[in-house]
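So this one's data_29.cif, mmCIF, C-alpha atoms:
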data_work
#
loop_
_atom_site.label_atom_id
_atom_site.label_comp_id
_atom_site.auth_asym_id
_atom_site.auth_seq_id
_atom_site.Cartn_x
_atom_site.Cartn_y
_atom_site.Cartn_z
CA MET D 1 35.59 80.81 -170.10
CA PRO D 2 36.22 84.37 -168.85
CA LYS D 3 33.46 86.90 -169.24
CA ASN D 4 33.99 89.90 -171.47
CA LYS D 5 33.57 93.50 -170.39
CA ILE D 6 29.99 93.77 -171.66
CA GLN D 7 28.92 90.65 -169.77
CA LYS D 8 30.54 91.96 -166.59
CA GLN D 9 28.75 95.31 -166.99
CA GLU D 10 25.44 93.46 -167.37
CA ILE D 11 26.13 91.40 -164.23
CA PHE D 12 27.08 94.60 -162.39
CA ARG D 13 23.84 96.38 -163.42
CA ASP D 14 21.77 93.31 -162.47
CA LEU D 15 23.50 92.99 -159.11
CA SER D 16 23.19 96.72 -158.40
CA GLU D 17 19.44 96.59 -159.14
CA LYS D 18 18.98 93.61 -156.81
CA ILE D 19 20.79 95.48 -154.00
CA LYS D 20 18.50 98.51 -154.46
CA ARG D 21 15.34 96.37 -154.33
CA ALA D 22 16.39 94.15 -151.42
CA LYS D 23 15.07 94.76 -147.92
CA SER D 24 17.85 92.59 -146.51
CA THR D 25 20.83 90.61 -147.72
CA VAL D 26 22.44 87.53 -146.18
CA PHE D 27 25.93 86.47 -147.18
CA ALA D 28 26.48 82.74 -147.26
CA GLY D 29 29.60 80.72 -147.83
CA PHE D 30 29.23 77.49 -149.69
CA ASN D 31 31.51 74.55 -150.15
CA ALA D 32 30.81 71.36 -152.13
CA LEU D 33 27.06 72.04 -152.33
CA THR D 34 25.49 69.54 -154.73
CA VAL D 35 23.40 70.72 -157.66
CA LYS D 36 20.29 69.11 -156.13
CA ASP D 37 20.85 70.85 -152.77
CA ASN D 38 21.56 74.14 -154.54
CA GLU D 39 18.33 73.93 -156.55
CA ASN D 40 16.37 72.92 -153.45
CA LEU D 41 17.70 75.98 -151.57
CA ARG D 42 16.96 78.29 -154.51
CA ASN D 43 13.39 76.96 -154.78
CA GLN D 44 12.75 77.50 -151.06
CA LEU D 45 14.07 81.06 -151.38
CA ARG D 46 11.94 81.79 -154.47
CA LYS D 47 8.79 80.85 -152.53
CA GLU D 48 9.59 83.66 -150.07
CA ASN D 49 10.43 86.17 -152.85
CA SER D 50 14.14 85.88 -152.12
CA GLU D 51 17.00 85.20 -154.49
CA TYR D 52 20.32 83.36 -154.22
CA TYR D 53 22.99 85.09 -156.30
CA VAL D 54 26.64 84.21 -156.87
CA ALA D 55 29.04 86.63 -158.57
CA LYS D 56 32.69 87.60 -158.42
CA LYS D 57 33.66 89.39 -155.22
CA THR D 58 35.03 92.35 -157.20
CA LEU D 59 31.68 92.86 -158.96
CA MET D 60 29.83 92.53 -155.65
CA ASN D 61 32.08 95.14 -154.03
CA LEU D 62 31.55 97.57 -156.91
CA ALA D 63 27.78 97.08 -156.79
CA PHE D 64 27.65 97.64 -153.00
CA LYS D 65 29.83 100.74 -153.38
CA GLU D 66 27.49 102.00 -156.11
CA ASN D 67 24.61 101.67 -153.62
CA LYS D 68 26.58 103.52 -150.91
CA LEU D 69 27.06 100.46 -148.71
CA ASP D 70 30.46 100.17 -147.10
CA ILE D 71 30.96 96.43 -147.42
CA ASN D 72 34.03 94.54 -148.55
CA VAL D 73 32.99 91.07 -149.69
CA ARG D 74 36.68 90.16 -150.05
CA ASP D 75 36.85 89.98 -146.24
CA PHE D 76 34.85 86.74 -146.43
CA ASP D 77 36.85 83.57 -147.01
CA GLY D 78 35.97 81.23 -149.85
CA LYS D 79 33.03 81.39 -152.23
CA VAL D 80 30.32 83.91 -151.35
CA ALA D 81 26.64 83.95 -152.27
CA ALA D 82 24.39 86.93 -151.63
CA ILE D 83 20.80 86.07 -150.74
CA PHE D 84 18.49 89.03 -151.38
CA SER D 85 15.08 89.29 -149.76
CA TYR D 86 12.47 91.52 -151.36
CA ASP D 87 9.58 91.05 -148.88
CA ASP D 88 10.37 89.53 -145.49
CA GLU D 89 13.63 90.81 -143.98
CA ILE D 90 14.43 87.64 -142.04
CA ALA D 91 13.22 85.07 -144.58
CA PRO D 92 16.65 84.32 -146.11
CA ALA D 93 18.24 83.84 -142.69
CA LYS D 94 15.40 81.53 -141.57
CA ILE D 95 15.45 79.47 -144.78
CA LEU D 96 19.23 79.10 -144.73
CA GLY D 97 19.09 78.27 -141.00
CA ASN D 98 16.47 75.57 -141.61
CA PHE D 99 18.44 74.26 -144.59
CA ARG D 100 21.54 73.91 -142.39
CA LYS D 101 19.70 71.86 -139.74
CA ASP D 102 20.53 68.76 -141.76
CA LYS D 103 23.94 67.73 -140.34
CA GLU D 104 25.14 66.73 -143.79
CA LYS D 105 24.52 70.27 -145.15
CA GLU D 106 25.81 72.12 -142.10
CA GLU D 107 29.39 72.28 -143.41
CA LYS D 108 28.39 72.79 -147.04
CA VAL D 109 26.64 76.14 -146.56
CA PHE D 110 27.11 78.62 -143.72
CA PHE D 111 26.43 82.19 -142.63
CA LEU D 112 29.06 84.86 -143.23
CA GLY D 113 27.14 88.03 -142.39
CA GLY D 114 24.40 90.21 -143.75
CA ILE D 115 22.85 93.63 -144.31
CA LEU D 116 19.67 94.83 -142.66
CA GLU D 117 18.43 98.42 -143.02
CA GLY D 118 21.79 99.48 -144.44
CA LYS D 119 23.77 98.11 -141.49
CA LEU D 120 26.32 95.33 -141.73
CA LEU D 121 25.45 92.33 -139.56
CA SER D 122 27.95 89.88 -138.14
CA LYS D 123 27.68 86.11 -138.53
CA LYS D 124 26.26 85.79 -135.00
CA GLU D 125 23.63 88.47 -135.61
CA VAL D 126 22.44 86.71 -138.77
CA GLU D 127 22.30 83.39 -136.88
CA ALA D 128 20.17 85.14 -134.24
CA LEU D 129 17.83 86.42 -136.98
CA ALA D 130 17.44 82.84 -138.20
CA GLN D 131 16.06 81.88 -134.76
CA LEU D 132 13.33 84.56 -134.79
CA PRO D 133 9.76 83.57 -135.63
CA SER D 134 8.57 84.49 -139.14
CA LYS D 135 6.14 87.34 -139.81
CA HIS D 136 3.27 84.87 -140.20
CA GLU D 137 4.05 83.24 -136.84
CA LEU D 138 4.20 86.65 -135.16
CA TYR D 139 0.87 87.66 -136.75
CA ALA D 140 -0.70 84.43 -135.48
CA LYS D 141 0.59 85.09 -131.96
CA LEU D 142 -0.74 88.66 -132.08
CA VAL D 143 -4.19 87.52 -133.21
CA GLY D 144 -4.21 84.86 -130.49
CA SER D 145 -3.28 87.46 -127.86
CA LEU D 146 -5.97 89.83 -129.07
CA ASN D 147 -8.53 87.03 -129.18
CA ALA D 148 -7.76 85.63 -125.70
CA PRO D 149 -9.73 88.22 -123.64
CA ILE D 150 -12.78 87.84 -125.88
CA SER D 151 -12.65 84.04 -125.64
CA GLY D 152 -12.28 84.27 -121.86
CA PHE D 153 -15.28 86.61 -121.62
CA VAL D 154 -17.43 84.25 -123.74
CA ASN D 155 -16.41 81.31 -121.52
CA VAL D 156 -17.35 83.26 -118.37
CA LEU D 157 -20.79 84.09 -119.78
CA ALA D 158 -21.29 80.51 -120.95
CA GLY D 159 -20.20 79.28 -117.50
CA ASN D 160 -22.99 81.23 -115.77
CA ILE D 161 -25.60 79.80 -118.12
CA ARG D 162 -24.11 76.32 -117.72
CA ASN D 163 -24.24 76.61 -113.91
CA LEU D 164 -27.84 77.84 -114.05
CA LEU D 165 -28.80 74.83 -116.19
CA ASN D 166 -27.02 72.48 -113.75
CA VAL D 167 -28.94 73.96 -110.83
CA LEU D 168 -32.26 73.67 -112.69
CA LYS D 169 -31.45 70.08 -113.66
CA ALA D 170 -30.59 69.24 -110.02
CA ILE D 171 -33.91 70.75 -108.87
CA GLU D 172 -35.76 68.77 -111.51
CA GLU D 173 -34.10 65.52 -110.41
CA LYS D 174 -35.09 66.16 -106.77
CA LYS D 175 -38.77 66.47 -107.64
#
This entry written out as structure tokens:
Amino acid sequence: MPKNKIQKQEIFRDLSEKIKRAKSTVFAGFNALTVKDNENLRNQLRKENSEYYVAKKTLMNLAFKENKLDINVRDFDGKVAAIFSYDDEIAPAKILGNFRKDKEKEEKVFFLGGILEGKLLSKKEVEALAQLPSKHELYAKLVGSLNAPISGFVNVLAGNIRNLLNVLKAIEEKK
């Protein structure tokens, strides 16, 4: 059943608000995605404060224009979903990339492009974002790098004490 003008205005306002709040947007094409797979993807995205949104291309174009983003969603073939991320900029790309690792789902959902910091990203750039480590992984690597010199210093000090104890033990065994 077609939507009336009031419903379309509501969708437009909702979409425009999501675009304003989003730190990044990933455009995904989908084809024959089952309801179960769709819900699974949406749940994974919700955990990372991201949202999967499907609307008419005309409404999407108007909402992006309203937010001063020069994007024409009509350039994408087929059905288009916009995945908005409100916290982590690369979370939607990573989640969609991990979701696509299943060979069965690879053809059902795919990258079309994205927006990061107001710039339009190509399909390849979004795929590259999906390969990056998450913020939590990067934080863990940073903490490990900062902790390494301290751990090394503690091991050096412990090594001297350990060697002293070995020497004393050897002397004790000789007597």
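Note that CA of Ile95 in chain D and CA of Glu66 in chain D are 27.9 Å apart.
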Item to complete: Give me, please, the distance in Å between CA of Val80 in chain D and CA of Lys135 in chain D, quoted to one decimal.
Response: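 Separation between CA of Val80 in chain D and CA of Lys135 in chain D: 27.0 Å.
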Item to complete: Identify which of the residues D:Ile90, D:Tyr52, D:Glu117, D:Glu104 lies closest to Lys18 in chain D, counting only C-alpha atoms when measuring atom-to-atom distances.
Response: D:Tyr52
Practice prompt. Write out as a PyMOL selection string which residues come within 10 Å of Leu45 in chain D when counting all atoms listed in the file, dropping same-chain ones fewer than 5 positions away.
Written response: chain D and resi 39-40+50-52+83-85+91-92+94-96
Worksheet entry | Test item: residues at most 12 Å from range 4-14 of chain D, all atoms listed in the file, excluding those fewer than 5 positions along its chain, as a PyMOL selection string | chain D and resi 19-21+53-67
Spatial neighbours of Ala130 in chain D, 6 Å, all atoms listed in the file, chain gap at least 3 places, as a short mmCIF file (atom, residue, chain, number, x, y, z; two decimals) with C-alpha atoms, in the coordinates of the input:
data_model
loop_
_atom_site.label_atom_id
_atom_site.label_comp_id
_atom_site.auth_asym_id
_atom_site.auth_seq_id
_atom_site.Cartn_x
_atom_site.Cartn_y
_atom_site.Cartn_z
CA ALA D 93 18.24 83.84 -142.69
CA LYS D 94 15.40 81.53 -141.57
CA GLY D 97 19.09 78.27 -141.00
CA GLU D 127 22.30 83.39 -136.88
#
Fill in: For CA of Glu107 in chain D and CA of Leu41 in chain D, the interatomic separation in Å (one decimal)
14.7 Å
Fill in: Resolved residues for the PyMOL selection byres ((chain D and resi 24-31) around 7) as a VMD selection string
chain D and resid 22 to 23 32 to 33 78 to 85 89 92 to 93 108 to 117
Restricting the output to C-alpha atoms, write the selected residues as a PDB file, in the coordinates of the input.
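The file below, result_11.pdb, is the result:
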ATOM      1  CA  ALA D  22      16.390  94.150-151.420  1.00  0.00           C
ATOM      2  CA  LYS D  23      15.070  94.760-147.920  1.00  0.00           C
ATOM      3  CA  ALA D  32      30.810  71.360-152.130  1.00  0.00           C
ATOM      4  CA  LEU D  33      27.060  72.040-152.330  1.00  0.00           C
ATOM      5  CA  GLY D  78      35.970  81.230-149.850  1.00  0.00           C
ATOM      6  CA  LYS D  79      33.030  81.390-152.230  1.00  0.00           C
ATOM      7  CA  VAL D  80      30.320  83.910-151.350  1.00  0.00           C
ATOM      8  CA  ALA D  81      26.640  83.950-152.270  1.00  0.00           C
ATOM      9  CA  ALA D  82      24.390  86.930-151.630  1.00  0.00           C
ATOM     10  CA  ILE D  83      20.800  86.070-150.740  1.00  0.00           C
ATOM     11  CA  PHE D  84      18.490  89.030-151.380  1.00  0.00           C
ATOM     12  CA  SER D  85      15.080  89.290-149.760  1.00  0.00           C
ATOM     13  CA  GLU D  89      13.630  90.810-143.980  1.00  0.00           C
ATOM     14  CA  PRO D  92      16.650  84.320-146.110  1.00  0.00           C
ATOM     15  CA  ALA D  93      18.240  83.840-142.690  1.00  0.00           C
ATOM     16  CA  LYS D 108      28.390  72.790-147.040  1.00  0.00           C
ATOM     17  CA  VAL D 109      26.640  76.140-146.560  1.00  0.00           C
ATOM     18  CA  PHE D 110      27.110  78.620-143.720  1.00  0.00           C
ATOM     19  CA  PHE D 111      26.430  82.190-142.630  1.00  0.00           C
ATOM     20  CA  LEU D 112      29.060  84.860-143.230  1.00  0.00           C
ATOM     21  CA  GLY D 113      27.140  88.030-142.390  1.00  0.00           C
ATOM     22  CA  GLY D 114      24.400  90.210-143.750  1.00  0.00           C
ATOM     23  CA  ILE D 115      22.850  93.630-144.310  1.00  0.00           C
ATOM     24  CA  LEU D 116      19.670  94.830-142.660  1.00  0.00           C
ATOM     25  CA  GLU D 117      18.430  98.420-143.020  1.00  0.00           C
TER      26      GLU D 117
END
Worksheet item: D:Glu17, D:Asn38, D:Asn43, D:Leu69: which is nearest Lys119 in chain D, counting only C-alpha atoms?
Response: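 Among the listed residues, D:Leu69 lies closest to Lys119 in chain D.
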Just add N, CA and C atoms to range 33-63 of chain D and send it as a short mmCIF file (atom, residue, chain, number, x, y, z; two decimals), in the coordinates of the input.
data_model
loop_
_atom_site.label_atom_id
_atom_site.label_comp_id
_atom_site.auth_asym_id
_atom_site.auth_seq_id
_atom_site.Cartn_x
_atom_site.Cartn_y
_atom_site.Cartn_z
N LEU D 33 28.52 72.16 -152.32
CA LEU D 33 27.06 72.04 -152.33
C LEU D 33 26.66 71.35 -153.64
N THR D 34 25.89 70.28 -153.53
CA THR D 34 25.49 69.54 -154.73
C THR D 34 24.48 70.36 -155.53
N VAL D 35 24.33 70.03 -156.78
CA VAL D 35 23.40 70.72 -157.66
C VAL D 35 21.98 70.56 -157.13
N LYS D 36 21.64 69.37 -156.66
CA LYS D 36 20.29 69.11 -156.13
C LYS D 36 20.03 69.97 -154.89
N ASP D 37 21.00 70.03 -153.97
CA ASP D 37 20.85 70.85 -152.77
C ASP D 37 20.75 72.33 -153.13
N ASN D 38 21.57 72.75 -154.10
CA ASN D 38 21.56 74.14 -154.54
C ASN D 38 20.20 74.51 -155.12
N GLU D 39 19.64 73.67 -155.97
CA GLU D 39 18.33 73.93 -156.55
C GLU D 39 17.24 73.90 -155.49
N ASN D 40 17.34 73.00 -154.54
CA ASN D 40 16.37 72.92 -153.45
C ASN D 40 16.38 74.22 -152.64
N LEU D 41 17.57 74.72 -152.32
CA LEU D 41 17.70 75.98 -151.57
C LEU D 41 17.13 77.14 -152.38
N ARG D 42 17.47 77.21 -153.65
CA ARG D 42 16.96 78.29 -154.51
C ARG D 42 15.43 78.26 -154.60
N ASN D 43 14.85 77.07 -154.71
CA ASN D 43 13.39 76.96 -154.78
C ASN D 43 12.73 77.42 -153.49
N GLN D 44 13.29 77.05 -152.35
CA GLN D 44 12.75 77.50 -151.06
C GLN D 44 12.82 79.02 -150.97
N LEU D 45 13.90 79.61 -151.42
CA LEU D 45 14.07 81.06 -151.38
C LEU D 45 13.09 81.76 -152.32
N ARG D 46 12.87 81.19 -153.51
CA ARG D 46 11.94 81.79 -154.47
C ARG D 46 10.53 81.87 -153.90
N LYS D 47 10.13 80.85 -153.13
CA LYS D 47 8.79 80.85 -152.53
C LYS D 47 8.58 82.03 -151.59
N GLU D 48 9.66 82.52 -150.99
CA GLU D 48 9.59 83.66 -150.07
C GLU D 48 10.03 84.96 -150.73
N ASN D 49 10.02 85.00 -152.07
CA ASN D 49 10.43 86.17 -152.85
C ASN D 49 11.85 86.60 -152.46
N SER D 50 12.73 85.64 -152.39
CA SER D 50 14.14 85.88 -152.12
C SER D 50 14.95 85.25 -153.25
N GLU D 51 16.19 85.67 -153.37
CA GLU D 51 17.00 85.20 -154.49
C GLU D 51 18.43 84.93 -154.06
N TYR D 52 18.96 83.81 -154.50
CA TYR D 52 20.32 83.36 -154.22
C TYR D 52 21.17 83.75 -155.42
N TYR D 53 22.21 84.55 -155.19
CA TYR D 53 22.99 85.09 -156.30
C TYR D 53 24.47 84.93 -156.02
N VAL D 54 25.19 84.38 -156.99
CA VAL D 54 26.64 84.21 -156.87
C VAL D 54 27.30 85.02 -157.98
N ALA D 55 28.28 85.84 -157.60
CA ALA D 55 29.04 86.63 -158.57
C ALA D 55 30.46 86.81 -158.03
N LYS D 56 31.32 87.32 -158.85
CA LYS D 56 32.69 87.60 -158.42
C LYS D 56 32.67 88.63 -157.30
N LYS D 57 33.59 88.47 -156.36
CA LYS D 57 33.66 89.39 -155.22
C LYS D 57 33.92 90.83 -155.66
N THR D 58 34.73 91.01 -156.70
CA THR D 58 35.03 92.35 -157.20
C THR D 58 33.76 93.03 -157.70
N LEU D 59 32.93 92.30 -158.47
CA LEU D 59 31.68 92.86 -158.96
C LEU D 59 30.73 93.17 -157.82
N MET D 60 30.68 92.29 -156.81
CA MET D 60 29.83 92.53 -155.65
C MET D 60 30.27 93.81 -154.93
N ASN D 61 31.57 93.94 -154.72
CA ASN D 61 32.08 95.14 -154.03
C ASN D 61 31.72 96.41 -154.79
N LEU D 62 31.89 96.39 -156.10
CA LEU D 62 31.55 97.57 -156.91
C LEU D 62 30.05 97.89 -156.83
N ALA D 63 29.23 96.87 -156.86
CA ALA D 63 27.78 97.08 -156.79
C ALA D 63 27.37 97.63 -155.41
#
